[in-house]
>>> print(open('run.txt').read())   # compact mmCIF, C-alpha atoms
# COMPACT_ATOMS: atom_id res chain seq x y z
CA ASN U 1 53.55 103.69 105.17
CA ALA U 2 57.08 105.18 105.17
CA GLN U 3 58.41 106.08 101.75
CA LEU U 4 61.99 107.23 101.13
CA GLU U 5 62.74 110.15 98.90
CA GLU U 6 64.75 109.61 95.73
CA VAL U 7 68.47 109.13 96.46
CA VAL U 8 70.95 110.73 94.06
CA VAL U 9 74.58 109.52 94.14
CA VAL U 10 77.13 112.00 92.77
CA SER U 11 80.74 111.02 92.01
CA ASP U 12 83.74 112.24 90.06
CA LYS U 13 84.08 109.09 87.99
CA ALA U 14 86.45 109.69 85.10
CA GLU U 15 85.36 109.00 81.56
CA ALA U 16 86.48 105.64 80.26
CA GLY U 17 85.99 103.28 77.35
CA THR U 18 85.27 104.61 73.86
CA VAL U 19 84.65 108.20 75.01
CA ALA U 20 88.16 108.65 76.51
CA THR U 21 91.57 108.83 74.86
CA GLN U 22 93.14 106.78 77.69
CA MET U 23 91.15 103.61 77.09
CA GLY U 24 93.55 101.38 79.03
CA ALA U 25 94.00 103.63 82.07
CA VAL U 26 92.64 102.52 85.45
CA GLU U 27 93.02 104.51 88.67
CA ILE U 28 92.90 102.21 91.70
CA PRO U 29 91.54 103.83 94.89
CA MET U 30 93.66 103.38 98.01
CA VAL U 31 90.56 102.25 99.94
CA GLN U 32 90.22 99.34 97.55
CA ILE U 33 93.90 98.41 97.92
CA LYS U 34 93.75 98.42 101.73
CA ASN U 35 90.54 96.34 101.80
CA THR U 36 91.57 93.73 99.24
CA PRO U 37 92.00 90.26 100.83
CA SER U 38 95.62 89.13 100.75
CA ILE U 39 98.04 86.56 102.15
CA LEU U 40 98.20 86.67 105.96
CA GLY U 41 96.31 89.98 106.00
CA GLU U 42 99.12 92.02 104.40
CA SER U 43 97.61 94.60 102.01
CA ASP U 44 99.65 94.97 98.85
CA VAL U 45 99.46 97.33 95.87
CA MET U 46 100.56 94.73 93.32
CA LYS U 47 98.11 92.11 94.63
CA ALA U 48 95.25 94.61 94.19
CA ILE U 49 96.36 95.29 90.61
CA GLN U 50 96.25 91.54 89.91
CA LEU U 51 92.46 91.67 90.38
CA MET U 52 92.01 94.19 87.55
CA PRO U 53 90.61 93.05 84.17
CA GLY U 54 93.34 92.00 81.74
CA VAL U 55 95.85 91.26 84.53
CA GLN U 56 97.04 87.79 85.53
CA ALA U 57 98.95 86.85 88.68
CA GLY U 58 100.93 83.96 87.21
CA VAL U 59 102.16 81.90 90.18
CA ASP U 60 99.72 81.88 93.12
CA GLY U 61 100.90 84.19 95.89
CA SER U 62 103.45 85.95 93.69
CA ALA U 63 103.39 89.73 93.18
CA GLY U 64 104.35 89.41 89.48
CA LEU U 65 102.06 90.96 86.88
CA TYR U 66 101.29 89.39 83.52
CA ILE U 67 99.34 92.06 81.63
CA ARG U 68 97.89 91.30 78.20
CA GLY U 69 100.35 88.46 77.64
CA GLY U 70 103.48 90.28 78.78
CA SER U 71 105.94 89.11 81.43
CA PRO U 72 106.70 90.97 84.71
CA ASP U 73 109.94 92.47 83.36
CA GLN U 74 108.02 94.15 80.52
CA ASN U 75 106.14 96.46 82.92
CA LEU U 76 107.39 99.98 83.61
CA ILE U 77 106.84 100.64 87.33
CA LEU U 78 107.37 104.22 88.53
CA LEU U 79 107.62 105.58 92.07
CA ASP U 80 107.10 109.36 91.97
CA GLY U 81 108.21 109.27 88.34
CA THR U 82 111.39 107.21 88.97
CA PRO U 83 111.70 103.63 87.61
CA VAL U 84 111.82 100.78 90.15
CA TYR U 85 113.76 97.84 88.72
CA ASN U 86 112.79 95.22 91.30
CA VAL U 87 109.48 95.49 93.17
CA ASP U 88 109.60 92.15 94.99
CA HIS U 89 110.08 91.19 98.63
CA MET U 90 110.27 87.66 100.00
CA PHE U 91 111.01 86.21 96.54
CA GLY U 92 107.86 87.72 95.03
CA PHE U 93 105.24 87.28 97.75
CA PHE U 94 105.20 91.00 98.66
CA SER U 95 105.92 94.21 96.78
CA VAL U 96 108.04 97.15 97.88
CA PHE U 97 105.03 99.50 98.07
CA THR U 98 103.66 100.09 101.56
CA PRO U 99 99.96 101.08 101.23
CA GLU U 100 100.21 103.62 104.06
CA ALA U 101 102.82 105.59 102.08
CA ILE U 102 100.90 105.64 98.78
CA LYS U 103 98.55 108.39 97.61
CA LYS U 104 97.60 107.29 94.10
CA VAL U 105 98.09 104.29 91.78
CA THR U 106 97.34 104.43 88.04
CA LEU U 107 97.58 101.42 85.74
CA PHE U 108 98.00 101.90 81.97
CA LYS U 109 97.30 98.65 80.14
CA SER U 110 97.37 100.11 76.62
CA SER U 111 97.71 103.42 74.76
CA PHE U 112 100.60 104.46 76.99
CA PRO U 113 101.03 108.25 77.23
CA ALA U 114 104.10 109.49 75.39
CA ARG U 115 105.58 111.01 78.57
CA PHE U 116 106.32 107.54 79.98
CA GLY U 117 108.44 106.43 77.04
CA GLY U 118 106.52 103.15 76.74
CA ARG U 119 106.97 99.50 77.60
CA LEU U 120 105.79 96.29 75.94
CA SER U 121 103.22 95.34 78.55
CA SER U 122 102.06 98.14 80.89
CA VAL U 123 102.92 101.24 82.87
CA ILE U 124 102.18 101.50 86.62
CA ASP U 125 102.48 105.02 88.03
CA VAL U 126 102.68 105.10 91.87
CA ARG U 127 102.61 108.40 93.76
CA THR U 128 103.42 108.79 97.46
CA ASN U 129 101.62 110.85 100.11
CA ASP U 130 102.59 114.52 100.35
CA GLY U 131 101.84 114.83 104.07
CA ASP U 132 99.21 116.73 106.00
CA MET U 133 99.91 120.47 106.41
CA LYS U 134 97.23 120.97 109.09
CA LYS U 135 97.67 118.37 111.85
CA TYR U 136 99.74 115.39 113.01
CA HIS U 137 98.44 111.85 112.76
CA GLY U 138 99.69 108.36 112.04
CA THR U 139 99.06 104.63 112.19
CA LEU U 140 100.78 101.63 113.74
CA SER U 141 100.10 98.13 112.41
CA ILE U 142 101.35 94.83 113.82
CA GLY U 143 100.78 91.79 111.59
CA LEU U 144 101.74 88.14 111.42
CA LEU U 145 104.78 88.81 109.21
CA THR U 146 105.48 92.55 109.34
CA SER U 147 104.93 95.65 111.43
CA LYS U 148 104.37 99.10 109.93
CA ILE U 149 104.32 102.66 111.16
CA ASN U 150 103.24 105.80 109.31
CA LEU U 151 103.51 109.39 110.54
CA GLU U 152 102.60 112.64 108.82
CA GLY U 153 102.01 116.25 109.73
CA PRO U 154 103.20 119.82 109.36
CA ILE U 155 106.79 120.94 109.89
CA VAL U 156 105.62 124.53 109.38
CA LYS U 157 101.84 124.74 109.40
CA ASP U 158 100.31 125.46 105.96
CA LYS U 159 103.80 125.70 104.48
CA THR U 160 105.87 122.52 104.97
CA SER U 161 104.74 118.97 105.67
CA PHE U 162 106.28 115.52 105.95
CA ASN U 163 105.23 111.93 105.54
CA ILE U 164 107.34 108.98 106.72
CA SER U 165 106.52 105.30 106.60
CA ALA U 166 108.56 102.25 107.65
CA ARG U 167 107.99 98.50 107.53
CA ARG U 168 110.01 95.47 108.64
CA SER U 169 109.45 91.74 108.73
CA TYR U 170 110.44 89.75 111.81
CA ILE U 171 110.51 86.16 110.61
CA ASP U 172 114.17 86.03 111.63
CA LEU U 173 113.43 87.10 115.21
CA ILE U 174 110.67 84.51 115.65
CA ALA U 175 112.59 81.58 114.16
CA LYS U 176 116.00 82.25 115.75
CA PRO U 177 115.34 80.56 119.15
CA PHE U 178 114.25 77.33 117.41
CA MET U 179 117.40 76.86 115.30
CA PRO U 180 120.30 74.57 116.26
CA ASP U 181 123.46 76.25 117.52
CA ASP U 182 125.64 74.98 114.66
CA GLU U 183 123.26 75.97 111.85
CA LYS U 184 121.48 79.34 111.47
CA TYR U 185 119.13 80.70 108.80
CA ASN U 186 118.15 84.35 108.72
CA TYR U 187 115.83 86.35 106.44
CA TYR U 188 114.18 89.76 106.72
CA PHE U 189 113.16 92.72 104.59
CA TYR U 190 112.38 96.36 105.27
CA ASP U 191 111.08 99.50 103.52
CA ILE U 192 111.48 103.18 104.38
CA ASN U 193 109.53 105.93 102.58
CA ALA U 194 109.97 109.61 103.38
CA LYS U 195 108.67 112.75 101.71
CA VAL U 196 108.83 116.49 102.42
CA ASN U 197 106.46 118.94 100.75
CA HIS U 198 107.33 122.64 100.90
CA LYS U 199 105.11 125.44 99.60
CA PHE U 200 107.07 128.53 98.57
CA SER U 201 103.97 130.30 97.32
CA ASP U 202 100.67 129.57 95.58
CA ARG U 203 102.67 129.14 92.37
CA SER U 204 105.74 127.23 93.54
CA ARG U 205 106.19 123.95 95.44
CA LEU U 206 109.09 121.60 96.15
CA PHE U 207 108.79 117.86 96.84
CA LEU U 208 111.69 115.79 98.20
CA SER U 209 111.14 112.03 98.36
CA PHE U 210 113.29 109.09 99.44
CA TYR U 211 112.87 105.32 99.36
CA LYS U 212 115.12 102.59 100.71
CA GLY U 213 114.25 98.89 100.66
CA LYS U 214 116.28 95.73 101.15
CA ASP U 215 115.97 91.95 101.43
CA HIS U 216 118.61 90.07 103.40
CA TYR U 217 119.20 86.32 103.65
CA ASP U 218 122.13 84.61 105.31
CA TYR U 219 123.07 81.08 106.27
CA LYS U 220 125.76 80.05 108.76
CA GLN U 221 127.10 76.62 109.58
CA ASP U 222 129.81 75.49 112.01
CA LYS U 223 130.77 71.81 112.17
CA GLU U 224 133.40 70.00 114.20
CA TYR U 225 134.17 66.30 114.36
CA ASP U 226 137.01 63.76 114.74
CA ALA U 227 138.23 62.03 111.62
CA TYR U 228 139.24 58.82 113.41
CA SER U 229 138.20 57.10 116.60
CA ASN U 230 141.57 57.74 118.24
CA GLY U 231 141.19 61.50 117.62
CA SER U 232 144.42 61.88 115.61
CA ARG U 233 142.86 64.50 113.30
CA MET U 234 140.26 67.16 114.00
CA TYR U 235 138.08 68.63 111.23
CA PHE U 236 136.44 72.07 111.45
CA TYR U 237 134.01 73.38 108.81
CA ASN U 238 132.72 76.96 108.66
CA SER U 239 130.52 78.28 105.89
CA ARG U 240 128.44 81.42 105.40
CA ILE U 241 126.25 82.77 102.61
CA ASP U 242 124.98 86.37 102.50
CA PHE U 243 122.40 87.30 99.87
CA ASN U 244 121.11 90.90 99.56
CA TRP U 245 119.04 92.84 97.05
CA GLY U 246 117.25 96.16 97.19
CA ASN U 247 116.50 99.63 95.82
CA THR U 248 117.50 103.14 96.81
CA ILE U 249 115.64 106.08 95.24
CA ALA U 250 115.98 109.81 95.90
CA ALA U 251 114.11 112.46 93.95
CA GLY U 252 113.42 116.17 94.01
CA ARG U 253 110.51 117.72 92.10
CA TRP U 254 109.77 121.41 91.63
CA ASN U 255 106.29 122.43 90.57
CA TYR U 256 105.76 125.94 89.19
CA VAL U 257 102.61 127.61 87.87
CA PHE U 258 103.38 130.27 85.25
CA ASN U 259 99.76 131.33 84.74
CA SER U 260 96.28 129.84 84.55
CA LYS U 261 97.16 128.04 81.30
CA LEU U 262 100.75 126.83 81.78
CA PHE U 263 102.60 125.05 84.59
CA SER U 264 105.67 122.83 84.84
CA ASN U 265 107.25 119.98 86.79
CA THR U 266 111.03 119.60 86.95
CA THR U 267 112.43 116.40 88.47
CA VAL U 268 115.97 115.31 89.32
CA ALA U 269 116.29 111.72 90.56
CA TYR U 270 118.80 109.05 91.53
CA ASN U 271 117.95 105.36 91.42
CA HIS U 272 120.16 102.46 92.52
CA TYR U 273 119.42 98.74 92.47
CA GLN U 274 121.92 96.06 93.46
CA MET U 275 121.94 92.36 94.11
CA SER U 276 124.94 90.83 95.87
CA MET U 277 125.85 87.37 97.12
CA ALA U 278 128.92 86.55 99.22
CA ASP U 279 130.00 82.98 99.95
CA THR U 280 132.69 82.02 102.46
CA TYR U 281 133.85 78.46 103.11
CA ARG U 282 136.68 77.38 105.41
CA LYS U 283 137.99 73.93 106.27
CA ASP U 284 140.68 73.32 108.90
CA ILE U 285 142.36 69.98 109.58
CA ILE U 286 144.41 69.93 112.75
CA GLU U 287 146.71 67.09 113.78
CA ALA U 288 146.36 65.87 117.36
CA ASP U 289 148.50 63.72 119.59
CA LYS U 290 147.39 60.49 121.25
CA ASN U 291 145.76 62.44 124.06
CA GLY U 292 143.67 64.44 121.59
CA ASP U 293 145.56 67.70 122.14
CA PRO U 294 146.06 69.76 118.94
CA ILE U 295 149.55 70.20 117.48
CA THR U 296 149.59 73.89 116.52
CA ASP U 297 152.18 73.65 113.72
CA ARG U 298 150.71 70.57 112.07
CA GLY U 299 147.63 70.67 109.86
CA GLU U 300 145.99 72.03 106.74
CA SER U 301 143.57 74.84 105.97
CA TYR U 302 141.50 75.69 102.92
CA VAL U 303 139.63 79.00 102.50
CA TYR U 304 137.35 79.93 99.62
CA ASN U 305 135.70 83.37 99.26
CA SER U 306 133.49 84.52 96.41
CA ASP U 307 131.59 87.73 95.79
CA TYR U 308 128.94 88.14 93.09
CA ARG U 309 127.32 91.51 92.31
CA SER U 310 124.96 92.79 89.68
CA GLY U 311 123.38 96.21 89.63
CA ILE U 312 122.31 99.38 87.90
CA HIS U 313 122.14 102.99 88.97
CA ASP U 314 120.66 105.96 87.13
CA TRP U 315 120.74 109.73 87.20
CA SER U 316 117.76 111.34 85.51
CA PHE U 317 116.39 114.77 84.69
CA HIS U 318 112.85 115.52 83.51
CA THR U 319 111.08 118.76 82.68
CA ASP U 320 107.37 118.48 81.89
CA PHE U 321 104.95 121.22 80.87
CA ASP U 322 101.15 121.27 80.88
CA TYR U 323 99.47 123.83 78.63
CA MET U 324 95.71 124.37 78.41
CA PRO U 325 94.85 127.11 75.91
CA VAL U 326 91.16 126.29 76.30
CA PRO U 327 89.36 123.96 78.76
CA ASP U 328 88.79 121.28 76.12
CA HIS U 329 92.37 121.27 74.83
CA HIS U 330 95.23 119.87 76.95
CA VAL U 331 98.80 119.84 75.66
CA LYS U 332 101.67 118.09 77.44
CA PHE U 333 105.29 118.33 76.33
CA GLY U 334 108.69 117.91 77.88
CA VAL U 335 112.26 116.70 77.69
CA SER U 336 114.19 114.10 79.70
CA TYR U 337 117.70 112.73 80.04
CA LEU U 338 118.67 109.45 81.69
CA TYR U 339 122.22 108.30 82.41
CA HIS U 340 122.59 104.57 83.10
CA THR U 341 125.52 102.81 84.75
CA PHE U 342 125.37 99.02 84.52
CA ARG U 343 127.61 96.56 86.31
CA PRO U 344 126.38 93.12 85.24
CA GLU U 345 127.54 89.86 86.83
CA VAL U 346 130.69 90.97 88.60
CA THR U 347 132.41 87.97 90.16
CA THR U 348 135.50 87.92 92.35
CA SER U 349 136.81 84.84 94.15
CA ARG U 350 139.84 83.89 96.22
CA VAL U 351 141.33 80.52 97.10
CA LYS U 352 143.89 80.21 99.89
CA GLU U 353 145.53 77.00 101.11
CA ALA U 354 148.08 76.44 103.86
CA VAL U 355 149.96 73.32 104.99
CA ASP U 356 151.73 73.14 108.36
CA GLY U 357 151.46 76.91 108.76
CA GLN U 358 153.00 77.65 105.33
CA THR U 359 150.97 79.22 102.49
CA ALA U 360 150.67 76.75 99.60
CA GLN U 361 148.27 78.76 97.39
CA ASP U 362 146.76 82.25 97.42
CA THR U 363 144.99 83.06 94.16
CA VAL U 364 142.45 85.77 93.28
CA TYR U 365 140.14 85.28 90.29
CA ASN U 366 138.31 88.18 88.62
CA ASP U 367 135.58 87.73 86.06
CA SER U 368 136.13 89.44 82.70
CA SER U 369 132.88 91.46 83.03
CA ASN U 370 134.14 93.53 85.96
CA SER U 371 133.94 96.78 83.98
CA TYR U 372 131.14 99.33 84.10
CA LEU U 373 128.85 99.83 81.12
CA HIS U 374 127.25 103.21 80.48
CA GLY U 375 124.17 104.24 78.54
CA HIS U 376 122.46 107.52 77.67
CA GLU U 377 118.80 108.16 76.94
CA PHE U 378 117.54 111.49 75.67
CA SER U 379 113.93 112.07 74.69
CA PHE U 380 111.46 114.77 73.79
CA TYR U 381 107.72 114.20 73.78
CA ALA U 382 104.49 116.02 73.02
CA GLU U 383 100.91 114.98 73.72
CA ASP U 384 97.74 116.69 72.53
CA ASN U 385 94.44 115.71 74.13
CA ALA U 386 91.44 117.49 72.61
CA ASP U 387 87.76 117.04 73.42
CA ILE U 388 85.77 117.59 70.21
CA ARG U 389 82.13 118.36 70.90
>>> encode(input="run.txt", output="structure tokens")
Amino acid sequence: NAQLEEVVVVSDKAEAGTVATQMGAVEIPMVQIKNTPSILGESDVMKAIQLMPGVQAGVDGSAGLYIRGGSPDQNLILLDGTPVYNVDHMFGFFSVFTPEAIKKVTLFKSSFPARFGGRLSSVIDVRTNDGDMKKYHGTLSIGLLTSKINLEGPIVKDKTSFNISARRSYIDLIAKPFMPDDEKYNYYFYDINAKVNHKFSDRSRLFLSFYKGKDHYDYKQDKEYDAYSNGSRMYFYNSRIDFNWGNTIAAGRWNYVFNSKLFSNTTVAYNHYQMSMADTYRKDIIEADKNGDPITDRGESYVYNSDYRSGIHDWSFHTDFDYMPVPDHHVKFGVSYLYHTFRPEVTTSRVKEAVDGQTAQDTVYNDSSNSYLHGHEFSFYAEDNADIR
């Protein structure tokens, strides 16, 4: 008979539950995120979080998170410490986080650490890959809806590394040949993540990270027809709608170790989110003679343009310190400043009419909320985590 020896499994599982101060914290392994079944085989960070206890998905297929009764806008979502105000692609079916660019995801469902400032529902802290300082490698993925590429490696071996990841959907390219000539729909989204990690010394490091993501939808229509059977008037209709929304984030973080008990992180970041919608409509009526030839100086035209924008952009500064006087005593403290610039619901429209080549009306309308609104946030925090034995 063959008998196996005793098997011992050793892991670094963090303490949880009643023996830990962070009772609501869950760290989600990247292996689990990449292997979680999802729509059309597209792995997604937010979809993996939806499978955690205490988290609800809401609408099937949506990337929204309803945590402990809160709504999606009550979650604080951070990318390398910088808030992301809209994490949705394709109207909520995908999130802006590409799994290949992510190193670590931590979900805080309760007992939020003071350094995050707090939200009503949850805090999701997403950290991106620093890049491999030893060798070059990457991945290329072609899916039903998107294609992705990820590259990382050393710029200067053992000193500077990079990680870059890009993703784009190609629904627009597949559907374009099947659309009629006088009516076109177009939609796509893309993400770009880039990070550079530079090691000055064993005590000092610099991280530069960048994210750019955008959704684009447009609709075009061109119509032409005769108003009467004898062709005395010709009607031309042209309309176009452009709808865009997306995030741009740039951050620099400096990590410095003072000694074996104290080290710091200093972060300067810029975050911009904007949604815009432009609508253009034009109608031309051209008089024609009995032979159907247009009379150039006879006719009417009507043009309507509108532009709607809503956005926010931030400048932020954070300095965080970690102090460990003894192994069982961990103190965190820091200071932060955040400067908001809001531009809510900016609307501009123009109406222009012409009759027989002469301008009859040309009016520009501006909404009263076209001004910028500014806000300042200043905070100081301190955390003390002690293990009493």
>>> closest_residue(input="run.txt", among="U:Ser379, U:Ser122, U:Thr139, U:Ser95", to="U:Ile67", atoms="only C-alpha atoms")
U:Ser122
>>> atom_distance(input="run.txt", atom1="atom CA of U:Leu151", atom2="atom CA of U:Ser11")
29.4 Å
>>> residues_near_point(input="run.txt", point="(126.3, 97.5, 87.6)", cutoff="6 Å", atoms="all atoms listed in the file", output="JSON, numbers by chain")
{"U": [310, 311, 312, 342, 343, 344]}
>>> residues_around(input="run.txt", residues="U:Thr160", least_positions_apart="3", cutoff="6 Å", atoms="only C-alpha atoms", output="number ranges by chain")
U: 154-156, 197-198
>>> residues_near_point(input="run.txt", point="(138.8, 68.5, 110.7)", cutoff="6 Å", atoms="only C-alpha atoms", output="PyMOL selection string")
chain U and resi 234-236+284-285
>>> residues_around(input="run.txt", residues="stretch 346-349 of chain U", least_positions_apart="6", cutoff="8 Å", atoms="all atoms listed in the file", output="PyMOL selection string")
chain U and resi 304-310+364-367+369-370
>>> atom_distance(input="run.txt", atom1="atom CA of U:Glu383", atom2="atom CA of U:Ser111")
12.0 Å
>>> atom_distance(input="run.txt", atom1="atom CA of U:Phe200", atom2="atom CA of U:Val335")
24.6 Å
>>> closest_residue(input="run.txt", among="U:Leu78, U:Leu140, U:Ile171, U:Ile192", to="U:Lys104", atoms="all atoms listed in the file")
U:Leu78
>>> residues_around(input="run.txt", residues="U:Ala250", least_positions_apart="3", cutoff="12 Å", atoms="all atoms listed in the file", output="list in words")
Leu79, Asp80, Gly81, Thr82, Pro83, Val84, Ile192, Asn193, Ala194, Lys195, Val196, Phe207, Leu208, Ser209, Phe210, Tyr211, Lys212, Asn247, Arg253, Thr267, Val268, Ala269, Tyr270, Asn271, His272, His313, Asp314, Trp315 and Ser316 of chain U
>>> residues_around(input="run.txt", residues="stretch 21-25 of chain U", least_positions_apart="5", cutoff="8 Å", atoms="all atoms listed in the file", output="list in words")
Ala16, Thr106, Leu107, Phe108, Lys109, Ser110, Ser111, Phe112 and Asn385 of chain U
>>> closest_residue(input="run.txt", among="U:Ile49, U:Ala354, U:Val10, U:Val303", to="U:Pro29", atoms="only C-alpha atoms")
U:Ile49
>>> residues_around(input="run.txt", residues="U:Gly69", least_positions_apart="3", cutoff="10 Å", atoms="all atoms listed in the file", output="PyMOL selection string")
chain U and resi 54-56+65-66+72+74+120-121
>>> closest_residue(input="run.txt", among="U:Ala166, U:Met90, U:Leu4, U:Leu206", to="U:Tyr256", atoms="only C-alpha atoms")
U:Leu206
>>> closest_residue(input="run.txt", among="U:Asp158, U:Phe91, U:Ser276, U:Thr266", to="U:Phe189", atoms="only C-alpha atoms")
U:Phe91
